[in-house]
Amino acid sequence: MDLTTAPRTLAIGPLRLDPPVVLAPMAGVTTRAFRRLCRQFGPGGLYVSEMLTARALVEGNDRTARMLRFDDDERPRSAQLYGVAPGTVAEATRRLIGDFGVEHVDLNFGCPAPKVTAKGGGAALPIRRRLLADIIGAAVRAAAGDGVPVTVKFRRGVHDGLLTALSTGRIAEAEGAAAVALHARTAEQRYAGDADWEAIAELKAAVATIPVLGNGDIWEAHDAGRMMVETGCDGVVVGRGCLGRPWLFADLAAVFAGRPAALPPAFGVVAGVMRRHAELLAEDEGEPTALCAFRRHAAWYTQGYAIGADARRALGTVSSLAELAGLLDAIDPALPLPPEAVRWKRGHTDGPRPVRLPDGWLRLVDDPTPPAGAEILISGG
Ligand SMILES: Cc1cc2nc3c(=O)[nH]c(=O)nc-3n(C[C@H](O)[C@H](O)[C@H](O)COP(=O)(O)O)c2cc1C
C-alpha cells in the first residue's frame, strides 16, 4: 500500500475534501452531535446527516426538521435524501438548500429494508432505470442554480444474479451527479460477509468522468488506503468503523498525510468523548431522550474494553448525564483496548436475507411511474 501516490484531495463539484473521506449517512447515528465529534477529530472531510425522507421534508414533518440541525461552523452542510418520485425529490432538494442552507445532497438508493424494497423503493429502485434517471436528474437540476453538488449512494444490486451498480453509476454520471458511492454489498447481503471491493474497481472502470467513492469494511485507517490502492477509487465512505470511535477520522487524516495512526486510546480518553457526545445529544434532544439514544453508542464506545459486566449493564440503562458521569468515573481510565478488538465488527451485521420485489418489477425497467407506497414517511429509518 502506498498512499503517497494517491491524490489526497477529492473534488465533489465545488467542494474540496482533504482527506478524501466521507462519514457515511447512518440513521440514528450521524446526528449533529456525532458529526461535530467526527469533524473535530478530522476536519476536512464530508460528514453526511441521517437519511431524510423527501416527502416528509416537503410535507413539513417536525422530526425531519429536527434532523436538519447543523452547527454554525459545520461546512459543508451535507444531507442525505430518500425519495422515489422526481417531483418530490426536486422540491425536497430545493428546501434543503433554501431553508436549511444545505451545500451537499446525497441520494440514497441502497436501503435494503423489506418494507421499502417490497414496494419498489430503496435498493429495488435502481432496476427501474428510467425512473432512477428522472429522480437523479430532477435533484441535480433543482440544486444546480445554487451550485450544490448531488451525489448518489447505492449497493452492488439486489442479489448476485441482479446487479445494478454499473448501470446506476453510468446513469448518475449521465444525469449530472457530482460523485457516486458504492456500498459494495448487495441488498440481499445486507451487512453480512465482506464487502466486495472488486465491485468498486469495476465501477471505477465504468464511470470515468466523476469521482467514485468506495464503501464497506473500513475498520481501521489503513483500510482506507488499501481500498483506494486496490480499487483505484477516489475517496472512501466510512460507516460502522467509526461507531464509538469518532477519532477514526483523526487516524484517517494522519494516514492520508503519511503519518502513522494513533494507538487506540486508553479508556479515560474514551470516557471523555462519551461524556461530550452525550452532552451534545442532550442539547438537541433533552436529557431523557438523549441518554436513551446514547445507550447503543455506549455499547460501541466500550466494546473490547474490560469494563466488567456490571458497568456494561448499567450503561445499557443509563438515563441522565450525572449517572453517566458517575458510571464512567468508576471505570479504570488506564484500561487498554486489546489489539484484537480493533477489528471487531460493530453496528449492523445481519444478513443475508432474500429481497422481496413488487410483482412484475423486472418488466418495468423503462416505466417512469413512481412506485406507490414506497415513500416512507419516517426520516432516519
Ligand atoms: C446504524 C446504521 C444506519 C444506516 N443508515 C443508513 C442511511 O440512512 N442511509 C444510507 O445510505 N446508508 C445507511 N447505512 C449504511 C452505511 O451508510 C454504509 O453504507 C454501510 O454501513 C457500509 O459501510 P461500513 O462497512 O463502513 O459500515 C446505515 C448503516 C448503519 C450501520
# chains A, B, ... in the order shown; residues from 1 in each chain; ligands from 1
>>> residues_around(residues="segment 285-293 of chain A", least_positions_apart="3", cutoff="6 Å", atoms="only C-alpha atoms", output="PyMOL selection string")
chain A and resi 281-282+319
>>> residues_around(residues="segment 261-268 of chain A", least_positions_apart="5", cutoff="9 Å", atoms="only C-alpha atoms", output="list in words")
Glu220, Ala221, His222, Leu248, Ala250, Asp251, Leu252, Ala253, Ala254, Val255, Val273, Thr302, Tyr305, Ile307, Leu328, Asp329, Ile331, Asp332, Pro333, Ala334, Leu335, Pro336, Leu337, Pro338, Pro339 and Val342 of chain A
>>> residues_around(residues="Ala325 of chain A", least_positions_apart="6", cutoff="10 Å", atoms="only C-alpha atoms", output="ChimeraX atom specification")
/A:271-272,274-275,318
>>> closest_atom_pairs(of="chain A", to="ligand 1", cutoff="7 Å", atoms="only C-alpha atoms and all ligand atoms", output="CSV")
residue,atom,partner,partner_atom_place_in_ligand_line,distance
A:Ala24,CA,ligand 1,17 (O),4.3
A:Pro25,CA,ligand 1,17 (O),4.7
A:Met26,CA,ligand 1,5 (N),3.3
A:Ala27,CA,ligand 1,5 (N),4.0
A:Gly28,CA,ligand 1,1 (C),6.5
A:Val29,CA,ligand 1,1 (C),6.3
A:Glu50,CA,ligand 1,8 (O),5.4
A:Met51,CA,ligand 1,8 (O),4.2
A:Asn108,CA,ligand 1,11 (O),5.0
A:Gly110,CA,ligand 1,11 (O),5.9
A:Cys111,CA,ligand 1,10 (C),6.4
A:Lys153,CA,ligand 1,11 (O),6.2
A:His183,CA,ligand 1,19 (O),5.0
A:Asn215,CA,ligand 1,23 (O),5.2
A:Gly216,CA,ligand 1,25 (O),3.4
A:Asp217,CA,ligand 1,25 (O),3.8
A:Ile218,CA,ligand 1,26 (O),5.2
A:Val237,CA,ligand 1,26 (O),6.5
A:Val238,CA,ligand 1,26 (O),4.3
A:Gly239,CA,ligand 1,26 (O),3.4
A:Arg240,CA,ligand 1,27 (O),3.6
A:Gly241,CA,ligand 1,26 (O),5.7
A:Gly347,CA,ligand 1,31 (C),4.8
A:His348,CA,ligand 1,31 (C),4.8
A:Gly380,CA,ligand 1,8 (O),5.7
A:Gly381,CA,ligand 1,8 (O),6.3
>>> closest_residue(among="A:Glu74, A:Pro86, A:Gly225, A:Gly145", to="Gly258 of chain A", atoms="only C-alpha atoms")
A:Gly225
>>> residues_around(residues="Thr31 of chain A", least_positions_apart="5", cutoff="9 Å", atoms="only C-alpha atoms", output="compact mmCIF listing (two decimals) with all heavy atoms, in the first residue's frame")
# COMPACT_ATOMS: atom_id res chain seq x y z
N MET A 26 -25.84 7.52 8.49
CA MET A 26 -26.33 6.39 9.29
C MET A 26 -27.49 6.86 10.15
O MET A 26 -27.35 7.74 11.00
CB MET A 26 -25.21 5.81 10.16
CG MET A 26 -24.18 5.02 9.37
SD MET A 26 -22.93 4.24 10.40
CE MET A 26 -21.81 5.60 10.69
N ARG A 36 -20.36 16.54 14.88
CA ARG A 36 -19.45 17.51 15.49
C ARG A 36 -18.18 16.81 16.00
O ARG A 36 -17.07 17.26 15.78
CB ARG A 36 -20.15 18.25 16.63
CG ARG A 36 -19.21 18.87 17.66
CD ARG A 36 -19.11 20.37 17.62
NE ARG A 36 -20.33 21.00 18.01
CZ ARG A 36 -20.50 21.77 19.09
NH1 ARG A 36 -19.47 22.00 19.88
NH2 ARG A 36 -21.64 22.32 19.34
N VAL A 48 -22.06 13.44 6.53
CA VAL A 48 -23.42 13.42 5.99
C VAL A 48 -24.44 13.18 7.12
O VAL A 48 -24.20 12.37 8.02
CB VAL A 48 -23.57 12.33 4.91
CG1 VAL A 48 -24.92 12.42 4.22
CG2 VAL A 48 -22.44 12.42 3.88
N SER A 49 -25.57 13.85 7.02
CA SER A 49 -26.65 13.73 8.03
C SER A 49 -27.28 12.34 7.99
O SER A 49 -26.99 11.52 7.13
CB SER A 49 -27.75 14.75 7.72
OG SER A 49 -28.55 14.27 6.64
N GLU A 50 -28.20 12.14 8.91
CA GLU A 50 -29.08 10.98 8.83
C GLU A 50 -29.95 11.11 7.57
O GLU A 50 -30.13 12.21 7.04
CB GLU A 50 -30.01 10.95 10.04
CG GLU A 50 -29.29 10.89 11.36
CD GLU A 50 -30.28 10.98 12.51
OE1 GLU A 50 -30.83 9.93 12.86
OE2 GLU A 50 -30.49 12.08 13.04
N MET A 67 -33.97 16.92 12.42
CA MET A 67 -32.75 16.24 11.96
C MET A 67 -31.87 17.16 11.12
O MET A 67 -30.76 16.80 10.77
CB MET A 67 -33.13 15.04 11.10
CG MET A 67 -33.67 13.91 11.91
SD MET A 67 -34.20 12.67 10.77
CE MET A 67 -34.22 11.31 11.86
N LEU A 68 -32.41 18.31 10.77
CA LEU A 68 -31.64 19.24 9.93
C LEU A 68 -30.99 20.34 10.76
O LEU A 68 -30.93 21.49 10.34
CB LEU A 68 -32.55 19.82 8.85
CG LEU A 68 -32.73 18.85 7.68
CD1 LEU A 68 -33.95 19.19 6.86
CD2 LEU A 68 -31.48 18.84 6.82
N ARG A 69 -30.51 19.96 11.94
CA ARG A 69 -29.77 20.91 12.76
C ARG A 69 -28.30 20.79 12.40
O ARG A 69 -27.76 19.68 12.33
CB ARG A 69 -29.97 20.61 14.24
CG ARG A 69 -31.26 21.21 14.77
CD ARG A 69 -31.41 20.90 16.23
NE ARG A 69 -31.67 19.49 16.40
CZ ARG A 69 -32.61 19.00 17.20
NH1 ARG A 69 -33.37 19.79 17.90
NH2 ARG A 69 -32.79 17.71 17.32
N PHE A 70 -27.69 21.94 12.19
CA PHE A 70 -26.26 21.96 11.87
C PHE A 70 -25.57 22.93 12.81
O PHE A 70 -26.16 23.93 13.23
CB PHE A 70 -26.03 22.44 10.42
CG PHE A 70 -26.61 21.50 9.39
CD1 PHE A 70 -27.89 21.70 8.88
CD2 PHE A 70 -25.88 20.42 8.93
CE1 PHE A 70 -28.42 20.84 7.94
CE2 PHE A 70 -26.40 19.55 7.98
CZ PHE A 70 -27.69 19.76 7.48
N LEU A 281 -25.77 15.52 22.52
CA LEU A 281 -27.10 14.96 22.20
C LEU A 281 -28.17 15.59 23.09
O LEU A 281 -29.26 15.91 22.63
CB LEU A 281 -27.09 13.45 22.43
CG LEU A 281 -26.53 12.56 21.32
CD1 LEU A 281 -26.51 11.10 21.80
CD2 LEU A 281 -27.36 12.67 20.05
>>> select_by_dssp(residues="segment 138-177 of chain A", states="strand (DSSP E)", output="list in words")
Val150, Thr151, Val152, Lys153, Phe154, Arg155, Arg156, Gly157, Val158, His159, Leu162 and Leu163 of chain A
>>> residues_around(residues="Gly44 of chain A", least_positions_apart="3", cutoff="12 Å", atoms="only C-alpha atoms", output="ChimeraX atom specification")
/A:8-11,15-23,38-41,47,74-76,249-250,252-254,256
>>> write_last_selection(atoms="N, CA, C and O atoms", output="compact mmCIF listing (two decimals), in the first residue's frame")
# COMPACT_ATOMS: atom_id res chain seq x y z
N ARG A 8 -4.65 13.26 -2.51
CA ARG A 8 -5.24 13.43 -1.18
C ARG A 8 -6.49 14.28 -1.21
O ARG A 8 -7.29 14.22 -0.30
N THR A 9 -6.62 15.11 -2.24
CA THR A 9 -7.79 15.99 -2.27
C THR A 9 -8.81 15.43 -3.24
O THR A 9 -8.46 14.97 -4.31
N LEU A 10 -10.05 15.47 -2.81
CA LEU A 10 -11.13 14.97 -3.65
C LEU A 10 -12.08 16.13 -3.94
O LEU A 10 -12.55 16.80 -3.01
N ALA A 11 -12.38 16.35 -5.23
CA ALA A 11 -13.33 17.40 -5.61
C ALA A 11 -14.69 16.76 -5.85
O ALA A 11 -14.82 15.86 -6.68
N LEU A 15 -16.91 21.36 -3.87
CA LEU A 15 -16.37 21.02 -2.55
C LEU A 15 -15.00 20.37 -2.69
O LEU A 15 -14.76 19.60 -3.62
N ARG A 16 -14.14 20.66 -1.72
CA ARG A 16 -12.81 20.04 -1.72
C ARG A 16 -12.64 19.28 -0.42
O ARG A 16 -12.70 19.88 0.66
N LEU A 17 -12.44 17.98 -0.52
CA LEU A 17 -12.26 17.16 0.68
C LEU A 17 -10.78 16.79 0.81
O LEU A 17 -10.19 16.25 -0.12
N ASP A 18 -10.22 17.07 1.95
CA ASP A 18 -8.83 16.70 2.22
C ASP A 18 -8.73 16.36 3.70
O ASP A 18 -8.72 17.25 4.52
N PRO A 19 -8.68 15.07 4.02
CA PRO A 19 -8.52 13.90 3.16
C PRO A 19 -9.83 13.53 2.44
O PRO A 19 -10.89 14.06 2.79
N PRO A 20 -9.72 12.61 1.45
CA PRO A 20 -10.90 12.23 0.65
C PRO A 20 -11.79 11.23 1.40
O PRO A 20 -11.96 10.09 0.99
N VAL A 21 -12.36 11.71 2.50
CA VAL A 21 -13.06 10.83 3.42
C VAL A 21 -14.46 11.37 3.70
O VAL A 21 -14.62 12.56 3.96
N VAL A 22 -15.45 10.48 3.66
CA VAL A 22 -16.84 10.86 3.91
C VAL A 22 -17.38 10.00 5.05
O VAL A 22 -17.18 8.79 5.07
N LEU A 23 -18.05 10.65 6.01
CA LEU A 23 -18.79 9.92 7.03
C LEU A 23 -20.07 9.41 6.40
O LEU A 23 -20.88 10.21 5.89
N CYS A 38 -16.91 13.93 15.07
CA CYS A 38 -16.12 13.43 13.94
C CYS A 38 -15.36 14.57 13.28
O CYS A 38 -14.18 14.44 12.94
N ARG A 39 -16.05 15.70 13.10
CA ARG A 39 -15.41 16.85 12.43
C ARG A 39 -14.24 17.37 13.25
O ARG A 39 -13.23 17.79 12.71
N GLN A 40 -14.42 17.35 14.59
CA GLN A 40 -13.34 17.88 15.42
C GLN A 40 -12.11 16.98 15.35
O GLN A 40 -10.99 17.46 15.37
N PHE A 41 -12.35 15.68 15.22
CA PHE A 41 -11.20 14.78 15.09
C PHE A 41 -10.59 14.87 13.69
O PHE A 41 -9.39 14.71 13.53
N TYR A 47 -19.28 15.18 6.17
CA TYR A 47 -19.99 14.48 7.23
C TYR A 47 -21.49 14.56 6.94
O TYR A 47 -22.09 15.62 7.08
N GLU A 74 -20.39 24.24 10.81
CA GLU A 74 -20.39 22.99 10.04
C GLU A 74 -20.45 23.30 8.55
O GLU A 74 -21.50 23.66 8.02
N ARG A 75 -19.36 23.13 7.89
CA ARG A 75 -19.28 23.39 6.46
C ARG A 75 -18.51 22.27 5.80
O ARG A 75 -17.43 21.95 6.29
N PRO A 76 -18.96 21.73 4.70
CA PRO A 76 -20.26 21.99 4.11
C PRO A 76 -21.37 21.27 4.87
O PRO A 76 -21.13 20.23 5.49
N PHE A 249 -11.50 9.42 12.42
CA PHE A 249 -11.28 10.46 11.41
C PHE A 249 -9.94 11.17 11.61
O PHE A 249 -9.36 11.67 10.65
N ALA A 250 -9.45 11.21 12.84
CA ALA A 250 -8.09 11.73 13.07
C ALA A 250 -7.07 10.74 12.51
O ALA A 250 -6.08 11.13 11.87
N LEU A 252 -7.55 8.67 10.07
CA LEU A 252 -7.61 8.73 8.60
C LEU A 252 -6.82 9.93 8.09
O LEU A 252 -6.06 9.82 7.12
N ALA A 253 -7.00 11.08 8.76
CA ALA A 253 -6.25 12.28 8.34
C ALA A 253 -4.75 12.02 8.46
O ALA A 253 -3.96 12.38 7.56
N ALA A 254 -4.34 11.36 9.53
CA ALA A 254 -2.91 11.07 9.73
C ALA A 254 -2.39 10.17 8.62
O ALA A 254 -1.36 10.47 7.98
N PHE A 256 -3.57 9.60 5.64
CA PHE A 256 -3.53 10.25 4.33
C PHE A 256 -2.42 11.29 4.25
O PHE A 256 -2.00 11.67 3.16
>>> residues_around(residues="Leu327 of chain A", least_positions_apart="6", cutoff="8 Å", atoms="only C-alpha atoms", output="tab-separated table (two decimals) with N, CA and C atoms, in the first residue's frame")
chain	number	residue	atom	x	y	z
A	311	ALA	N	-20.78	-2.78	34.86
A	311	ALA	CA	-20.70	-1.44	34.26
A	311	ALA	C	-21.40	-1.44	32.90
A	314	ALA	N	-25.09	-1.41	33.43
A	314	ALA	CA	-25.55	-0.10	33.92
A	314	ALA	C	-25.55	0.94	32.79
A	315	LEU	N	-24.54	0.88	31.93
A	315	LEU	CA	-24.51	1.83	30.80
A	315	LEU	C	-25.68	1.57	29.84
>>> atom_distance(atom1="atom CA of Ala54 of chain A", atom2="atom CA of Asp71 of chain A")
22.1 Å
>>> atom_distance(atom1="atom CA of Ala92 of chain A", atom2="atom CA of Ala79 of chain A")
10.9 Å
>>> residues_around(residues="Gly83 of chain A", least_positions_apart="3", cutoff="8 Å", atoms="only C-alpha atoms", output="number ranges by chain")
A: 53-55, 86, 88-89, 107-108, 121, 375
>>> write_last_selection(atoms="N, CA and C atoms", output="PDB file, in the first residue's frame")
ATOM      1  N   THR A  53     -36.460  11.728   4.593  1.00  0.00           N
ATOM      2  CA  THR A  53     -37.415  11.306   3.579  1.00  0.00           C
ATOM      3  C   THR A  53     -37.923  12.531   2.825  1.00  0.00           C
ATOM      4  N   ALA A  54     -37.824  12.481   1.503  1.00  0.00           N
ATOM      5  CA  ALA A  54     -38.189  13.650   0.693  1.00  0.00           C
ATOM      6  C   ALA A  54     -39.617  14.094   0.972  1.00  0.00           C
ATOM      7  N   ARG A  55     -40.525  13.121   1.037  1.00  0.00           N
ATOM      8  CA  ARG A  55     -41.923  13.511   1.216  1.00  0.00           C
ATOM      9  C   ARG A  55     -42.156  14.130   2.593  1.00  0.00           C
ATOM     10  N   PRO A  86     -39.612  11.950  -8.765  1.00  0.00           N
ATOM     11  CA  PRO A  86     -38.751  13.074  -9.163  1.00  0.00           C
ATOM     12  C   PRO A  86     -39.231  14.426  -8.629  1.00  0.00           C
ATOM     13  N   THR A  88     -41.068  15.209  -5.998  1.00  0.00           N
ATOM     14  CA  THR A  88     -40.905  15.349  -4.545  1.00  0.00           C
ATOM     15  C   THR A  88     -39.423  15.512  -4.194  1.00  0.00           C
ATOM     16  N   VAL A  89     -38.585  14.731  -4.845  1.00  0.00           N
ATOM     17  CA  VAL A  89     -37.154  14.823  -4.554  1.00  0.00           C
ATOM     18  C   VAL A  89     -36.621  16.204  -4.967  1.00  0.00           C
ATOM     19  N   LEU A 107     -28.215  11.238  -2.522  1.00  0.00           N
ATOM     20  CA  LEU A 107     -29.447  10.481  -2.749  1.00  0.00           C
ATOM     21  C   LEU A 107     -29.203   9.018  -2.401  1.00  0.00           C
ATOM     22  N   ASN A 108     -30.121   8.446  -1.622  1.00  0.00           N
ATOM     23  CA  ASN A 108     -29.955   7.073  -1.148  1.00  0.00           C
ATOM     24  C   ASN A 108     -30.765   6.090  -1.990  1.00  0.00           C
ATOM     25  N   GLY A 121     -39.040   0.708  -3.455  1.00  0.00           N
ATOM     26  CA  GLY A 121     -38.144   1.807  -3.086  1.00  0.00           C
ATOM     27  C   GLY A 121     -36.756   1.294  -2.721  1.00  0.00           C
ATOM     28  N   GLU A 375     -42.812   5.468  -0.463  1.00  0.00           N
ATOM     29  CA  GLU A 375     -42.266   6.711   0.099  1.00  0.00           C
ATOM     30  C   GLU A 375     -42.454   6.673   1.607  1.00  0.00           C
TER      31      GLU A 375
END
>>> closest_atom_pairs(of="segment 165-284 of chain A", to="segment 134-144 of chain A", cutoff="10 Å", atoms="only C-alpha atoms", output="JSON lines")
{"residue": "A:Ile171", "atom": "CA", "partner": "A:Ile136", "partner_atom": "CA", "distance": 8.4}
{"residue": "A:Ala172", "atom": "CA", "partner": "A:Ile136", "partner_atom": "CA", "distance": 6.6}
{"residue": "A:Glu173", "atom": "CA", "partner": "A:Ile136", "partner_atom": "CA", "distance": 9.6}
{"residue": "A:Ala174", "atom": "CA", "partner": "A:Gly137", "partner_atom": "CA", "distance": 8.7}
{"residue": "A:Glu175", "atom": "CA", "partner": "A:Gly137", "partner_atom": "CA", "distance": 5.0}
{"residue": "A:Gly176", "atom": "CA", "partner": "A:Val140", "partner_atom": "CA", "distance": 6.3}
{"residue": "A:Ala177", "atom": "CA", "partner": "A:Val140", "partner_atom": "CA", "distance": 6.5}
{"residue": "A:Ala178", "atom": "CA", "partner": "A:Val140", "partner_atom": "CA", "distance": 8.8}
>>> write_last_selection(atoms="C-alpha atoms", output="PDB file, in the first residue's frame")
ATOM      1  CA  ILE A 171     -26.981   6.836 -15.134  1.00  0.00           C
ATOM      2  CA  ALA A 172     -25.831   9.042 -12.235  1.00  0.00           C
ATOM      3  CA  GLU A 173     -22.904  10.255 -14.334  1.00  0.00           C
ATOM      4  CA  ALA A 174     -25.129  10.991 -17.330  1.00  0.00           C
ATOM      5  CA  GLU A 175     -27.659  12.868 -15.188  1.00  0.00           C
ATOM      6  CA  GLY A 176     -25.045  15.215 -13.747  1.00  0.00           C
ATOM      7  CA  ALA A 177     -24.297  13.696 -10.340  1.00  0.00           C
ATOM      8  CA  ALA A 178     -21.075  15.048  -8.851  1.00  0.00           C
TER       9      ALA A 178
END
>>> closest_atom_pairs(of="segment 60-169 of chain A", to="segment 350-362 of chain A", cutoff="8 Å", atoms="only C-alpha atoms", output="tab-separated table")
residue	atom	partner	partner_atom	distance
A:Pro112	CA	A:Val355	CA	7.7
A:Pro114	CA	A:Arg356	CA	6.7
A:Thr117	CA	A:Leu357	CA	5.8
A:Ala118	CA	A:Leu357	CA	4.6
A:Lys119	CA	A:Pro358	CA	5.7
A:Gly120	CA	A:Pro358	CA	6.0
A:Ala124	CA	A:Leu357	CA	6.7
A:Ile127	CA	A:Leu362	CA	7.0
A:Arg128	CA	A:Leu362	CA	7.9
A:Val158	CA	A:Val355	CA	7.0
A:His159	CA	A:Val355	CA	7.9
>>> write_last_selection(atoms="N, CA and C atoms", output="PDB file, in the first residue's frame")
ATOM      1  N   PRO A 112     -32.021  -1.495   2.204  1.00  0.00           N
ATOM      2  CA  PRO A 112     -32.488  -2.875   1.993  1.00  0.00           C
ATOM      3  C   PRO A 112     -33.710  -3.240   2.820  1.00  0.00           C
ATOM      4  N   PRO A 114     -37.028  -4.422   4.113  1.00  0.00           N
ATOM      5  CA  PRO A 114     -38.059  -5.157   3.367  1.00  0.00           C
ATOM      6  C   PRO A 114     -39.289  -4.313   3.068  1.00  0.00           C
ATOM      7  N   THR A 117     -38.186  -2.166  -0.044  1.00  0.00           N
ATOM      8  CA  THR A 117     -37.925  -2.847  -1.328  1.00  0.00           C
ATOM      9  C   THR A 117     -39.184  -3.556  -1.830  1.00  0.00           C
ATOM     10  N   ALA A 118     -40.013  -4.061  -0.915  1.00  0.00           N
ATOM     11  CA  ALA A 118     -41.234  -4.759  -1.340  1.00  0.00           C
ATOM     12  C   ALA A 118     -42.172  -3.818  -2.084  1.00  0.00           C
ATOM     13  N   LYS A 119     -42.021  -2.524  -1.841  1.00  0.00           N
ATOM     14  CA  LYS A 119     -42.856  -1.538  -2.537  1.00  0.00           C
ATOM     15  C   LYS A 119     -42.112  -0.916  -3.722  1.00  0.00           C
ATOM     16  N   GLY A 120     -40.866  -1.313  -3.918  1.00  0.00           N
ATOM     17  CA  GLY A 120     -40.106  -0.795  -5.055  1.00  0.00           C
ATOM     18  C   GLY A 120     -39.204   0.382  -4.730  1.00  0.00           C
ATOM     19  N   ALA A 124     -34.370  -1.470  -4.415  1.00  0.00           N
ATOM     20  CA  ALA A 124     -35.112  -2.020  -5.561  1.00  0.00           C
ATOM     21  C   ALA A 124     -35.201  -1.008  -6.697  1.00  0.00           C
ATOM     22  N   ILE A 127     -33.320  -0.805 -10.424  1.00  0.00           N
ATOM     23  CA  ILE A 127     -33.760  -1.653 -11.536  1.00  0.00           C
ATOM     24  C   ILE A 127     -34.585  -0.829 -12.525  1.00  0.00           C
ATOM     25  N   ARG A 128     -35.322   0.139 -12.012  1.00  0.00           N
ATOM     26  CA  ARG A 128     -36.179   0.996 -12.837  1.00  0.00           C
ATOM     27  C   ARG A 128     -35.331   2.149 -13.387  1.00  0.00           C
ATOM     28  N   VAL A 158     -29.450  -6.059  -6.233  1.00  0.00           N
ATOM     29  CA  VAL A 158     -30.427  -6.703  -5.354  1.00  0.00           C
ATOM     30  C   VAL A 158     -29.821  -8.000  -4.796  1.00  0.00           C
ATOM     31  N   HIS A 159     -29.267  -8.819  -5.698  1.00  0.00           N
ATOM     32  CA  HIS A 159     -28.532 -10.020  -5.286  1.00  0.00           C
ATOM     33  C   HIS A 159     -27.529 -10.335  -6.385  1.00  0.00           C
TER      34      HIS A 159
END
>>> closest_residue(among="A:Gly101, A:Gly157, A:Gly308, A:Gly244", to="Thr186 of chain A", atoms="only C-alpha atoms")
A:Gly157
>>> closest_residue(among="A:Ala179, A:Ala123, A:Leu166, A:Leu213", to="Gly235 of chain A", atoms="only C-alpha atoms")
A:Leu213
>>> closest_residue(among="A:Arg245, A:Arg346, A:Arg95, A:Arg129", to="Gly60 of chain A", atoms="only C-alpha atoms")
A:Arg95
